[in-house]
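What follows is entry-v8.pdb (PDB, C-alpha atoms, pLDDT in the B column).
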```
MODEL        1
ATOM      1  CA  MET A   1       9.525  15.968  22.634  1.00 65.00           C
ATOM      2  CA  LYS A   2       5.728  16.375  22.444  1.00 74.00           C
ATOM      3  CA  TRP A   3       3.331  13.437  22.785  1.00 76.00           C
ATOM      4  CA  LEU A   4      -0.401  13.413  22.089  1.00 82.00           C
ATOM      5  CA  ASN A   5      -2.505  12.021  24.946  1.00 85.00           C
ATOM      6  CA  LYS A   6      -5.764  10.102  24.476  1.00 86.00           C
ATOM      7  CA  ASP A   7      -7.793  13.128  25.568  1.00 89.00           C
ATOM      8  CA  GLY A   8      -6.163  15.285  22.863  1.00 84.00           C
ATOM      9  CA  SER A   9      -3.844  17.251  25.149  1.00 87.00           C
ATOM     10  CA  LEU A  10      -0.069  17.430  24.719  1.00 85.00           C
ATOM     11  CA  SER A  11       2.508  16.184  27.200  1.00 84.00           C
ATOM     12  CA  TYR A  12       6.239  16.721  27.129  1.00 77.00           C
ATOM     13  CA  GLN A  13       8.858  14.003  27.517  1.00 69.00           C
ATOM     14  CA  GLU A  14      12.571  14.712  27.689  1.00 66.00           C
ATOM     15  CA  SER A  15      13.884  11.359  26.418  1.00 65.00           C
ATOM     16  CA  TYR A  16      12.754   8.533  24.183  1.00 62.00           C
ATOM     17  CA  GLU A  17      13.217   5.344  26.184  1.00 66.00           C
ATOM     18  CA  THR A  18      11.634   2.634  24.036  1.00 67.00           C
ATOM     19  CA  ASP A  19      13.603   0.520  21.566  1.00 67.00           C
ATOM     20  CA  ALA A  20      12.803   1.826  18.081  1.00 70.00           C
ATOM     21  CA  ASP A  21      14.843  -0.677  16.055  1.00 77.00           C
ATOM     22  CA  ILE A  22      12.559  -2.494  13.622  1.00 82.00           C
ATOM     23  CA  ASN A  23      12.995  -4.380  10.387  1.00 84.00           C
ATOM     24  CA  PHE A  24      10.361  -3.146   7.898  1.00 87.00           C
ATOM     25  CA  ASN A  25      10.141  -4.818   4.480  1.00 89.00           C
ATOM     26  CA  THR A  26       7.584  -4.361   1.740  1.00 92.00           C
ATOM     27  CA  PHE A  27       7.280  -5.405  -1.899  1.00 93.00           C
ATOM     28  CA  ASN A  28       4.396  -4.223  -4.109  1.00 95.00           C
ATOM     29  CA  ILE A  29       3.353  -4.904  -7.689  1.00 96.00           C
ATOM     30  CA  ASP A  30       0.499  -3.082  -9.427  1.00 96.00           C
ATOM     31  CA  MET A  31      -0.685  -4.051 -12.903  1.00 97.00           C
ATOM     32  CA  ILE A  32      -3.343  -1.945 -14.626  1.00 97.00           C
ATOM     33  CA  PHE A  33      -5.233  -2.730 -17.824  1.00 97.00           C
ATOM     34  CA  ALA A  34      -7.371   0.108 -19.179  1.00 96.00           C
ATOM     35  CA  TRP A  35      -9.543  -0.059 -22.292  1.00 96.00           C
ATOM     36  CA  GLU A  36     -11.359   2.922 -23.780  1.00 94.00           C
ATOM     37  CA  LEU A  37     -14.747   1.497 -24.806  1.00 90.00           C
ATOM     38  CA  ALA A  38     -16.246   4.624 -26.309  1.00 87.00           C
ATOM     39  CA  LEU A  39     -15.560   8.337 -26.176  1.00 86.00           C
ATOM     40  CA  GLY A  40     -15.253   9.194 -22.463  1.00 86.00           C
ATOM     41  CA  SER A  41     -15.969   5.595 -21.338  1.00 93.00           C
ATOM     42  CA  MET A  42     -13.363   3.266 -19.872  1.00 95.00           C
ATOM     43  CA  LEU A  43     -13.063  -0.246 -18.444  1.00 96.00           C
ATOM     44  CA  SER A  44     -10.216  -0.763 -15.952  1.00 97.00           C
ATOM     45  CA  VAL A  45      -8.910  -3.979 -14.372  1.00 98.00           C
ATOM     46  CA  VAL A  46      -6.322  -3.571 -11.595  1.00 97.00           C
ATOM     47  CA  TRP A  47      -4.299  -6.348  -9.928  1.00 97.00           C
ATOM     48  CA  LYS A  48      -2.273  -5.581  -6.809  1.00 97.00           C
ATOM     49  CA  ASN A  49       0.163  -7.856  -4.986  1.00 96.00           C
ATOM     50  CA  GLU A  50       1.591  -6.849  -1.583  1.00 95.00           C
ATOM     51  CA  ILE A  51       4.123  -8.523   0.669  1.00 93.00           C
ATOM     52  CA  GLY A  52       5.047  -6.842   3.930  1.00 90.00           C
ATOM     53  CA  SER A  53       6.482  -7.408   7.389  1.00 87.00           C
ATOM     54  CA  ASN A  54       7.383  -5.385  10.449  1.00 85.00           C
ATOM     55  CA  LYS A  55       9.562  -7.331  12.919  1.00 83.00           C
ATOM     56  CA  ASP A  56      11.781  -6.600  15.902  1.00 82.00           C
ATOM     57  CA  GLU A  57      14.365  -9.116  14.648  1.00 81.00           C
ATOM     58  CA  ILE A  58      16.822  -7.225  12.439  1.00 80.00           C
ATOM     59  CA  SER A  59      18.737  -8.846   9.591  1.00 79.00           C
ATOM     60  CA  TYR A  60      21.814  -6.919   8.520  1.00 83.00           C
ATOM     61  CA  PHE A  61      22.395  -8.882   5.304  1.00 88.00           C
ATOM     62  CA  TYR A  62      20.562  -7.623   2.207  1.00 89.00           C
ATOM     63  CA  LYS A  63      20.288 -10.996   0.435  1.00 91.00           C
ATOM     64  CA  GLU A  64      18.946 -12.762   3.535  1.00 89.00           C
ATOM     65  CA  ASN A  65      16.498  -9.920   4.150  1.00 87.00           C
ATOM     66  CA  LEU A  66      15.267 -10.025   0.545  1.00 88.00           C
ATOM     67  CA  LEU A  67      14.815 -13.818   0.534  1.00 90.00           C
ATOM     68  CA  ASN A  68      12.923 -13.693   3.841  1.00 88.00           C
ATOM     69  CA  THR A  69      10.615 -11.032   2.398  1.00 88.00           C
ATOM     70  CA  PHE A  70       9.615 -13.259  -0.536  1.00 90.00           C
ATOM     71  CA  LYS A  71       8.851 -16.158   1.850  1.00 91.00           C
ATOM     72  CA  LEU A  72       6.126 -14.113   3.595  1.00 90.00           C
ATOM     73  CA  ASP A  73       2.397 -14.364   2.896  1.00 92.00           C
ATOM     74  CA  GLN A  74       1.095 -12.335  -0.039  1.00 92.00           C
ATOM     75  CA  THR A  75      -2.044 -10.238  -0.309  1.00 94.00           C
ATOM     76  CA  ASN A  76      -3.582 -10.131  -3.799  1.00 96.00           C
ATOM     77  CA  SER A  77      -6.525  -8.021  -4.887  1.00 97.00           C
ATOM     78  CA  ILE A  78      -8.326  -7.511  -8.190  1.00 98.00           C
ATOM     79  CA  SER A  79     -10.665  -4.639  -8.920  1.00 97.00           C
ATOM     80  CA  LEU A  80     -12.852  -3.907 -11.913  1.00 98.00           C
ATOM     81  CA  LYS A  81     -14.180  -0.436 -12.741  1.00 97.00           C
ATOM     82  CA  LEU A  82     -16.475   0.613 -15.572  1.00 96.00           C
ATOM     83  CA  LEU A  83     -17.005   4.288 -16.349  1.00 95.00           C
ATOM     84  CA  TYR A  84     -19.576   4.853 -19.057  1.00 92.00           C
ATOM     85  CA  TYR A  85     -20.425   8.272 -20.413  1.00 89.00           C
ATOM     86  CA  ILE A  86     -24.120   8.763 -21.159  1.00 85.00           C
ATOM     87  CA  ASP A  87     -25.035  11.873 -23.134  1.00 81.00           C
ATOM     88  CA  LEU A  88     -28.404  12.837 -21.708  1.00 81.00           C
ATOM     89  CA  ASN A  89     -28.844  15.583 -24.274  1.00 81.00           C
ATOM     90  CA  SER A  90     -28.836  13.083 -27.144  1.00 79.00           C
ATOM     91  CA  THR A  91     -31.048  10.530 -25.312  1.00 76.00           C
ATOM     92  CA  LEU A  92     -33.784  13.070 -24.512  1.00 77.00           C
ATOM     93  CA  ASN A  93     -34.164  14.232 -28.106  1.00 68.00           C
TER
ENDMDL
END
```

Rewrite the coordinates I just gave you, this time as structure tokens.
Amino acid sequence: MKWLNKDGSLSYQESYETDADINFNTFNIDMIFAWELALGSMLSVVWKNEIGSNKDEISYFYKENLLNTFKLDQTNSISLKLLYYIDLNSTLN
């Protein structure tokens, strides 16, 4: 198996000795509202909700795993974008 060193060189390792068992859960919701203001111009509002965890403790039961995921902290973000088309040819005349 090849590993990348900090100096950019490669080293070879015959076996993987670290414990790679993890419990990774994520739940995402994206809601997008787009409004066409004028020809070629658009206003967009986007809301994103993200829940995620990466733990060493593994739960083998789906229902317990799902309920624990929804008990985690959430990250919400809202973005607003306005694209407005300006026809320079018509404004200069």

Which residue is closest to Asn25 (chain A)? Choose from A:Asn76, A:Asp56, A:Ala38, A:Lys6 and count all atoms listed in the file.
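Result for the nearest residue to Asn25 (chain A): A:Asp56.
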
Taking only C-alpha atoms into account, name the residue in A:Phe33, A:Ser9, A:Asn23, A:Leu4 that is nearest to Tyr62 (chain A).
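Looking only at the distances to Tyr62 (chain A), the closest residue turns out to be A:Asn23.
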
Can you tell me which residues surround Phe70 (chain A) at a distance of at most 10 Å, considering all atoms listed in the file, apart from same-chain residues fewer than 6 positions away, and format the answer as a ChimeraX atom specification?
/A:25-27,51-52

Name the residues that the PyMOL selection byres ((chain A and resi 31) around 9) picks from the file above, as a ChimeraX atom specification, using the file's chain letters and numbers.
/A:29-30,32-33,45-49

Residues near Asp87 (chain A), cut-off 12 Å, only C-alpha atoms, skip fewer than 6 positions along chain, as a list in words:
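Contacts, with the query itself left out: Ala38, Leu39, Gly40, Ser41 and Asn93 of chain A.
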